[in-house]
$ cat coords-v8.tsv   # TSV, C-alpha atoms and all ligand atoms
chain	number	residue	atom	x	y	z
A	21	MET	CA	-53.95	-8.64	162.17
A	22	THR	CA	-50.38	-8.22	163.42
A	23	LYS	CA	-49.83	-5.27	165.70
A	24	ASN	CA	-47.30	-2.76	164.34
A	25	ILE	CA	-44.66	-2.38	167.02
A	26	SER	CA	-41.81	-1.33	164.76
A	27	GLY	CA	-42.70	2.34	165.01
A	28	ARG	CA	-42.33	2.61	161.25
A	29	GLY	CA	-44.97	4.68	159.62
A	30	GLN	CA	-45.43	6.74	162.77
A	31	ARG	CA	-44.69	10.45	162.45
A	32	GLU	CA	-41.33	11.36	163.93
A	33	LEU	CA	-41.54	14.22	166.39
A	34	ARG	CA	-38.10	15.54	165.54
A	35	GLU	CA	-37.65	16.68	161.95
A	36	LYS	CA	-34.69	15.15	160.17
A	37	VAL	CA	-33.05	16.79	157.17
A	38	LYS	CA	-31.68	14.53	154.46
A	39	THR	CA	-28.12	15.29	153.41
A	40	ALA	CA	-28.36	16.69	149.91
A	41	ARG	CA	-25.68	16.51	147.28
A	42	GLY	CA	-23.59	19.66	147.50
A	43	ARG	CA	-24.79	20.53	151.02
A	44	LYS	CA	-22.13	20.29	153.72
A	45	LEU	CA	-22.86	18.20	156.81
A	46	SER	CA	-22.51	21.35	158.96
A	47	SER	CA	-25.23	23.07	156.89
A	48	THR	CA	-27.49	20.04	157.19
A	49	LEU	CA	-27.03	20.01	160.97
A	50	TRP	CA	-27.69	23.78	161.14
A	51	LEU	CA	-30.88	23.37	159.12
A	52	GLU	CA	-32.02	20.49	161.31
A	53	ARG	CA	-31.38	22.53	164.45
A	54	GLN	CA	-33.32	25.49	163.04
A	55	LEU	CA	-36.29	23.30	162.12
A	56	ASN	CA	-36.43	21.83	165.60
A	57	ASP	CA	-35.73	24.97	167.62
A	58	PRO	CA	-38.81	26.08	169.59
A	59	TYR	CA	-37.55	29.70	169.65
A	60	VAL	CA	-37.35	29.73	165.83
A	61	LYS	CA	-40.97	28.53	165.66
A	62	LYS	CA	-42.03	31.05	168.32
A	63	ALA	CA	-40.27	33.90	166.48
A	64	LYS	CA	-42.16	33.02	163.30
A	65	ALA	CA	-45.48	32.80	165.15
A	66	GLU	CA	-44.99	36.14	166.93
A	67	GLY	CA	-43.68	38.04	163.90
A	68	TYR	CA	-40.08	38.50	165.04
A	69	ARG	CA	-37.25	38.57	162.52
A	70	GLY	CA	-35.22	36.04	164.44
A	71	ARG	CA	-34.92	33.97	167.61
A	72	ALA	CA	-32.46	36.57	168.99
A	73	ALA	CA	-35.51	38.68	169.88
A	74	PHE	CA	-36.19	36.35	172.82
A	75	LYS	CA	-32.71	36.89	174.26
A	76	ILE	CA	-33.27	40.62	174.77
A	77	ALA	CA	-36.88	40.01	175.86
A	78	GLU	CA	-35.72	37.56	178.54
A	79	ILE	CA	-32.91	39.87	179.66
A	80	ASP	CA	-35.34	42.77	179.89
A	81	ASP	CA	-37.90	40.67	181.78
A	82	LYS	CA	-35.27	40.54	184.50
A	83	PHE	CA	-33.81	44.06	184.41
A	84	ARG	CA	-36.66	46.20	182.96
A	85	PHE	CA	-34.79	48.87	181.04
A	86	LEU	CA	-37.05	48.77	177.94
A	87	VAL	CA	-39.84	50.83	179.44
A	88	PRO	CA	-42.38	53.16	177.79
A	89	GLY	CA	-40.64	56.40	176.86
A	90	ALA	CA	-37.10	54.96	176.81
A	91	ARG	CA	-34.71	56.13	174.09
A	92	VAL	CA	-32.87	53.08	172.80
A	93	VAL	CA	-29.85	52.66	170.54
A	94	ASP	CA	-29.39	49.15	169.11
A	95	LEU	CA	-25.85	48.65	167.79
A	96	GLY	CA	-25.53	45.90	165.19
A	97	CYS	CA	-29.29	45.57	164.81
A	98	ALA	CA	-29.69	43.49	161.61
A	99	PRO	CA	-32.00	41.80	160.82
A	100	GLY	CA	-33.96	43.54	163.59
A	101	GLY	CA	-35.36	41.21	166.27
A	102	TRP	CA	-33.98	43.26	169.19
A	103	CYS	CA	-35.36	46.45	167.64
A	104	GLN	CA	-38.81	44.87	167.32
A	105	VAL	CA	-38.83	43.99	171.03
A	106	ALA	CA	-37.63	47.51	171.91
A	107	VAL	CA	-40.40	49.11	169.81
A	108	ARG	CA	-43.10	47.09	171.57
A	109	ARG	CA	-41.79	47.69	175.07
A	110	THR	CA	-40.90	51.38	174.77
A	111	ASN	CA	-44.18	52.25	173.05
A	112	ALA	CA	-42.23	53.70	170.11
A	113	LEU	CA	-45.27	53.30	167.87
A	114	SER	CA	-47.41	55.18	170.37
A	115	ASP	CA	-49.99	52.41	170.36
A	116	LYS	CA	-50.43	52.30	174.13
A	117	PRO	CA	-52.57	55.31	174.99
A	118	GLY	CA	-51.54	57.18	178.10
A	119	LYS	CA	-48.01	55.73	178.13
A	120	LYS	CA	-44.82	57.61	177.33
A	121	VAL	CA	-43.57	57.20	173.79
A	122	GLY	CA	-40.07	55.81	173.25
A	123	ARG	CA	-37.53	56.10	170.43
A	124	VAL	CA	-35.59	53.25	168.86
A	125	ILE	CA	-32.54	53.85	166.69
A	126	GLY	CA	-30.99	50.84	164.96
A	127	VAL	CA	-27.49	50.94	163.51
A	128	ASP	CA	-25.79	48.27	161.39
A	129	LEU	CA	-23.07	47.87	158.79
A	130	GLN	CA	-25.67	46.13	156.66
A	131	HIS	CA	-28.90	47.37	155.12
A	132	VAL	CA	-31.91	46.51	157.29
A	133	ASP	CA	-35.41	46.31	155.84
A	134	PRO	CA	-37.72	48.92	157.42
A	135	ILE	CA	-39.18	48.11	160.84
A	136	PRO	CA	-42.21	50.14	161.96
A	137	GLY	CA	-41.20	52.41	164.82
A	138	VAL	CA	-37.44	52.10	164.25
A	139	GLU	CA	-35.13	54.72	162.78
A	140	LEU	CA	-32.57	52.65	160.90
A	141	HIS	CA	-29.12	53.85	159.87
A	142	GLN	CA	-26.48	51.97	157.89
A	143	LEU	CA	-23.36	52.93	159.79
A	144	ASP	CA	-20.16	51.52	161.28
A	145	PHE	CA	-20.52	52.54	164.93
A	146	LEU	CA	-16.69	52.59	165.12
A	147	ASP	CA	-16.61	55.63	162.80
A	148	ASP	CA	-15.30	58.76	164.52
A	149	GLU	CA	-18.51	60.68	163.96
A	150	ALA	CA	-20.90	57.85	164.99
A	151	ASP	CA	-21.49	59.08	168.59
A	152	ALA	CA	-22.30	62.62	167.47
A	153	LEU	CA	-24.52	61.37	164.65
A	154	VAL	CA	-26.56	59.19	167.02
A	155	LYS	CA	-26.94	62.01	169.57
A	156	GLY	CA	-27.99	64.30	166.74
A	157	TRP	CA	-30.63	61.80	165.54
A	158	LEU	CA	-31.90	61.37	169.09
A	159	GLY	CA	-31.80	65.08	169.84
A	160	GLY	CA	-30.04	64.22	173.08
A	161	ARG	CA	-28.87	61.21	175.03
A	162	ALA	CA	-30.09	57.62	175.16
A	163	ASP	CA	-31.50	55.66	178.09
A	164	VAL	CA	-30.35	52.32	176.73
A	165	VAL	CA	-27.45	51.25	174.51
A	166	MET	CA	-27.64	47.60	173.54
A	167	SER	CA	-25.33	45.55	171.37
A	168	ASP	CA	-25.68	42.07	169.96
A	169	MET	CA	-22.73	42.74	167.67
A	170	ALA	CA	-20.46	40.00	166.51
A	171	ALA	CA	-17.43	40.32	164.27
A	172	ALA	CA	-17.29	37.93	161.31
A	173	ALA	CA	-16.24	34.50	162.66
A	174	SER	CA	-12.62	33.56	161.98
A	175	GLY	CA	-13.02	29.90	162.95
A	176	ASN	CA	-10.48	30.37	165.75
A	177	PRO	CA	-12.40	30.60	169.06
A	178	GLN	CA	-9.66	32.61	170.79
A	179	VAL	CA	-9.44	35.16	167.99
A	180	ASP	CA	-13.25	35.41	167.86
A	181	HIS	CA	-13.38	35.91	171.62
A	182	LEU	CA	-10.82	38.73	171.51
A	183	ARG	CA	-12.60	40.37	168.59
A	184	ILE	CA	-15.91	40.42	170.41
A	185	VAL	CA	-14.32	41.79	173.60
A	186	ILE	CA	-12.76	44.60	171.55
A	187	LEU	CA	-16.12	45.32	169.88
A	188	CYS	CA	-17.79	45.25	173.29
A	189	GLU	CA	-15.27	47.66	174.83
A	190	ALA	CA	-15.81	50.02	171.90
A	191	ALA	CA	-19.58	49.71	172.41
A	192	ALA	CA	-19.07	50.55	176.10
A	193	GLN	CA	-17.05	53.67	175.18
A	194	PHE	CA	-19.85	54.62	172.80
A	195	ALA	CA	-22.35	54.14	175.65
A	196	PHE	CA	-20.29	56.38	177.99
A	197	ASP	CA	-20.52	59.12	175.38
A	198	VAL	CA	-24.19	58.67	174.51
A	199	LEU	CA	-25.99	57.49	177.68
A	200	GLU	CA	-28.06	59.59	180.04
A	201	ASP	CA	-27.32	59.42	183.77
A	202	GLY	CA	-28.89	56.26	185.16
A	203	GLY	CA	-28.93	54.62	181.71
A	204	ALA	CA	-28.34	50.96	180.86
A	205	PHE	CA	-25.87	49.11	178.66
A	206	VAL	CA	-26.35	45.53	177.43
A	207	ALA	CA	-23.85	43.68	175.28
A	208	LYS	CA	-23.05	40.23	174.03
A	209	VAL	CA	-19.70	38.77	175.05
A	210	LEU	CA	-18.20	35.32	174.60
A	211	ALA	CA	-17.00	33.48	177.68
A	212	GLY	CA	-13.26	33.00	177.37
A	213	GLY	CA	-11.32	34.86	180.01
A	214	ALA	CA	-10.38	38.12	178.27
A	215	GLU	CA	-13.44	39.99	179.46
A	216	ALA	CA	-12.05	40.99	182.88
A	217	SER	CA	-10.94	44.43	181.63
A	218	LEU	CA	-14.43	45.04	180.25
A	219	GLN	CA	-16.01	44.14	183.59
A	220	LEU	CA	-13.66	46.51	185.37
A	221	LEU	CA	-14.43	49.32	182.97
A	222	LEU	CA	-18.17	48.80	183.39
A	223	LYS	CA	-17.99	48.55	187.19
A	224	LYS	CA	-16.31	51.97	187.29
A	225	ASN	CA	-19.08	53.55	185.28
A	226	PHE	CA	-22.28	51.76	186.37
A	227	THR	CA	-23.75	51.00	189.78
A	228	LYS	CA	-24.55	47.36	188.90
A	229	VAL	CA	-22.90	44.96	186.44
A	230	VAL	CA	-24.28	41.46	185.94
A	231	ASN	CA	-23.55	38.62	183.51
A	232	ILE	CA	-26.49	36.64	182.26
A	233	LYS	CA	-27.14	33.77	179.89
A	234	PRO	CA	-30.85	33.94	179.03
A	235	PRO	CA	-32.68	30.66	178.30
A	236	ALA	CA	-32.99	31.63	174.61
A	237	SER	CA	-29.20	31.63	174.28
A	238	ARG	CA	-28.20	28.16	173.11
A	239	ALA	CA	-26.53	26.10	175.82
A	240	ASP	CA	-23.77	25.01	173.45
A	241	SER	CA	-22.88	28.62	172.58
A	242	SER	CA	-20.23	30.43	174.59
A	243	GLU	CA	-22.16	33.69	174.32
A	244	LYS	CA	-23.41	35.49	177.39
A	245	PHE	CA	-24.58	39.03	178.01
A	246	VAL	CA	-23.31	41.71	180.28
A	247	VAL	CA	-25.97	44.02	181.70
A	248	ALA	CA	-24.81	47.27	183.28
A	249	THR	CA	-27.40	49.53	184.90
A	250	GLY	CA	-27.29	52.88	186.66
A	251	PHE	CA	-24.83	54.80	184.47
A	252	LYS	CA	-22.92	57.02	186.86
A	253	GLY	CA	-22.43	60.05	184.71
A	254	ALA	CA	-23.07	61.58	181.38
A	255	ARG	CA	-20.08	63.54	180.17
A	256	PRO	CA	-20.37	67.31	180.52
A	257	ALA	CA	-21.96	69.56	177.90
A	258	LEU	CA	-21.33	68.79	174.28
A	259	SER	CA	-20.48	71.37	171.69
A	260	ASP	CA	-23.18	70.28	169.21
A	261	GLY	CA	-25.95	71.50	171.53
A	262	ALA	CA	-27.81	68.22	171.03
A	263	ASP	CA	-27.53	67.45	174.76
A	264	GLN	CA	-29.35	70.55	175.80
A	265	ALA	CA	-32.19	69.71	173.46
A	266	GLY	CA	-32.49	66.25	174.99
A	267	SER	CA	-32.40	67.33	178.63
A	268	ASP	CA	-35.08	69.94	178.05
A	269	LEU	CA	-37.56	67.49	176.58
A	270	PRO	CA	-40.38	67.26	179.13
A	271	ASP	CA	-41.25	63.68	178.16
A	272	ALA	CA	-37.70	62.38	177.94
A	273	THR	CA	-37.71	60.51	181.25
A	274	PRO	CA	-38.88	56.95	180.75
A	275	ASP	CA	-41.27	55.49	183.27
A	276	ARG	CA	-39.24	52.67	184.84
A	277	ARG	CA	-42.17	51.32	186.83
A	278	ASP	CA	-44.21	50.99	183.71
A	279	SER	CA	-42.53	48.24	181.71
A	280	GLU	CA	-44.32	45.48	179.86
A	281	ALA	CA	-43.58	41.88	180.79
A	301	LIG	C1	-25.93	38.81	165.57
A	301	LIG	S1	-26.28	40.15	164.52
A	301	LIG	C2	-27.46	41.06	165.45
A	301	LIG	C3	-28.82	40.43	165.54
A	301	LIG	C4	-29.87	41.39	166.08
A	301	LIG	N1	-29.68	41.65	167.49
A	301	LIG	C5	-31.28	40.89	165.87
A	301	LIG	O1	-32.00	40.70	166.84
A	301	LIG	O2	-31.69	40.74	164.72
A	301	LIG	C6	-24.82	41.13	164.67
A	301	LIG	C7	-24.80	42.35	163.75
A	301	LIG	O3	-23.71	43.20	164.17
A	301	LIG	C8	-23.35	43.97	163.03
A	301	LIG	N2	-22.07	44.65	163.27
A	301	LIG	C9	-20.85	44.09	163.51
A	301	LIG	N3	-19.91	45.05	163.61
A	301	LIG	C10	-20.53	46.25	163.45
A	301	LIG	C11	-20.10	47.61	163.46
A	301	LIG	N4	-18.82	47.92	163.63
A	301	LIG	N5	-21.02	48.59	163.28
A	301	LIG	C12	-22.34	48.28	163.08
A	301	LIG	N6	-22.81	47.01	163.06
A	301	LIG	C13	-21.93	46.00	163.24
A	301	LIG	C14	-23.31	42.92	161.92
A	301	LIG	O4	-23.42	43.53	160.65
A	301	LIG	C15	-24.52	42.03	162.27
A	301	LIG	O5	-25.66	42.39	161.50

$ encode --input "coords-v8.tsv" --output "structure tokens" --more "lines below"
Ligand SMILES: C[S@@+](CC[C@H](N)C(=O)[O-])C[C@H]1O[C@@H](n2cnc3c(N)ncnc32)[C@H](O)[C@@H]1O
Amino acid sequence: MTKNISGRGQRELREKVKTARGRKLSSTLWLERQLNDPYVKKAKAEGYRGRAAFKIAEIDDKFRFLVPGARVVDLGCAPGGWCQVAVRRTNALSDKPGKKVGRVIGVDLQHVDPIPGVELHQLDFLDDEADALVKGWLGGRADVVMSDMAAAASGNPQVDHLRIVILCEAAAQFAFDVLEDGGAFVAKVLAGGAEASLQLLLKKNFTKVVNIKPPASRADSSEKFVVATGFKGARPALSDGADQAGSDLPDATPDRRDSEA
């Protein structure tokens, strides 16, 4: 019998997607990348709504701001992977006896299907009343504001970069209004040069500002994340009284030594 050395008939390790009539090459390549992406498979296996969940998990493994008891606001949360990670780590479902119980508020322009442990709101965070609404829902200030927001892609990398920097600066202003002293801010930016003003703004308001590209962020993507910790100062008393309610809560201080890996 002749030995088969052609390799034909052997199972290919990498899945290939046939180009179908009507499907663009870019869609075929996207599909192929999804099928072969270990983070996509891992997200499915672990019940996350998307591979993005691993970006915030890896960032938090390093900085540990998602701790039991933390109050988290996730801006641009759809479909909900970041929120799912936040729920598990902050003990928002109160399923870790003896640990402080966190809160997770998710905000997005789009509808998001319910996520256990998350309070979801369909809202444009740029709306004038958004900061007050979030503080009202929280009954006080947040310990973490995180944003994976992206504006709709224009196809022009420079325009997209500027748009995301603008979104990010607006998210930072939101954080200044909503964060508790010592709180953390995490946001997606695109590398491209226009983010210097954002860095400056963050350095004035936080004790530490670091840029990070977690392993789950695709190497061919220009995205990176800015992590700012140690918010230097909540703004003085607010007229809606929500602040007072928050600061009086006995259990409002998250346990920073008690995070889950
Ligand atoms: C990349 S997705 C977020 C993915 C999410 N982190 C996850 O893990 O599933 C970006 C989201 O930002 C939202 N977004 C963009 N601009 C927004 C705005 N002004 N207010 C609220 N959400 C916004 C978009 O609707 C989109 O769902």

$ closest_residue --input "coords-v8.tsv" --among "A:Val206, A:Leu187, A:Lys244, A:Phe74" --to "Lys62 (chain A)" --atoms "only C-alpha atoms"
A:Phe74

$ atom_distance --input "coords-v8.tsv" --atom1 "CA of Met169 (chain A)" --atom2 "CA of Gly253 (chain A)"
24.3 Å

$ residues_near_point --input "coords-v8.tsv" --point "(-34.5, 52.7, 166.1)" --cutoff "12 Å" --atoms "all atoms listed in the file" --output "ChimeraX atom specification"
/A:90-98,100-108,110-113,122-128,132,134-142,154,157-158,162,164-166

$ closest_residue --input "coords-v8.tsv" --among "A:Ala216, A:Ala170, A:Cys188, A:Leu55" --to "ligand LIG 301 (chain A)" --atoms "all atoms listed in the file"
A:Ala170

$ axis_aligned_box --input "coords-v8.tsv" --around "ligand LIG 301 (chain A)" --padding-each-side "8 Å" --output "lines of an AutoDock Vina configuration file"
center_x = -25.4
center_y = 43.7
center_z = 164.1
size_x = 29.2
size_y = 25.8
size_z = 22.8

$ atom_distance --input "coords-v8.tsv" --atom1 "CA of Ile186 (chain A)" --atom2 "CA of Leu146 (chain A)"
11.0 Å

$ closest_residue --input "coords-v8.tsv" --among "A:Asp180, A:Glu189, A:Glu66, A:Asp197" --to "Glu149 (chain A)" --atoms "only C-alpha atoms"
A:Asp197

$ residues_around --input "coords-v8.tsv" --residues "region 227-233 of chain A" --least-positions-apart "3" --cutoff "12 Å" --atoms "only C-alpha atoms" --output "number ranges by chain"
A: 74-76, 78-80, 82-83, 201-211, 215-216, 218-224, 236-253
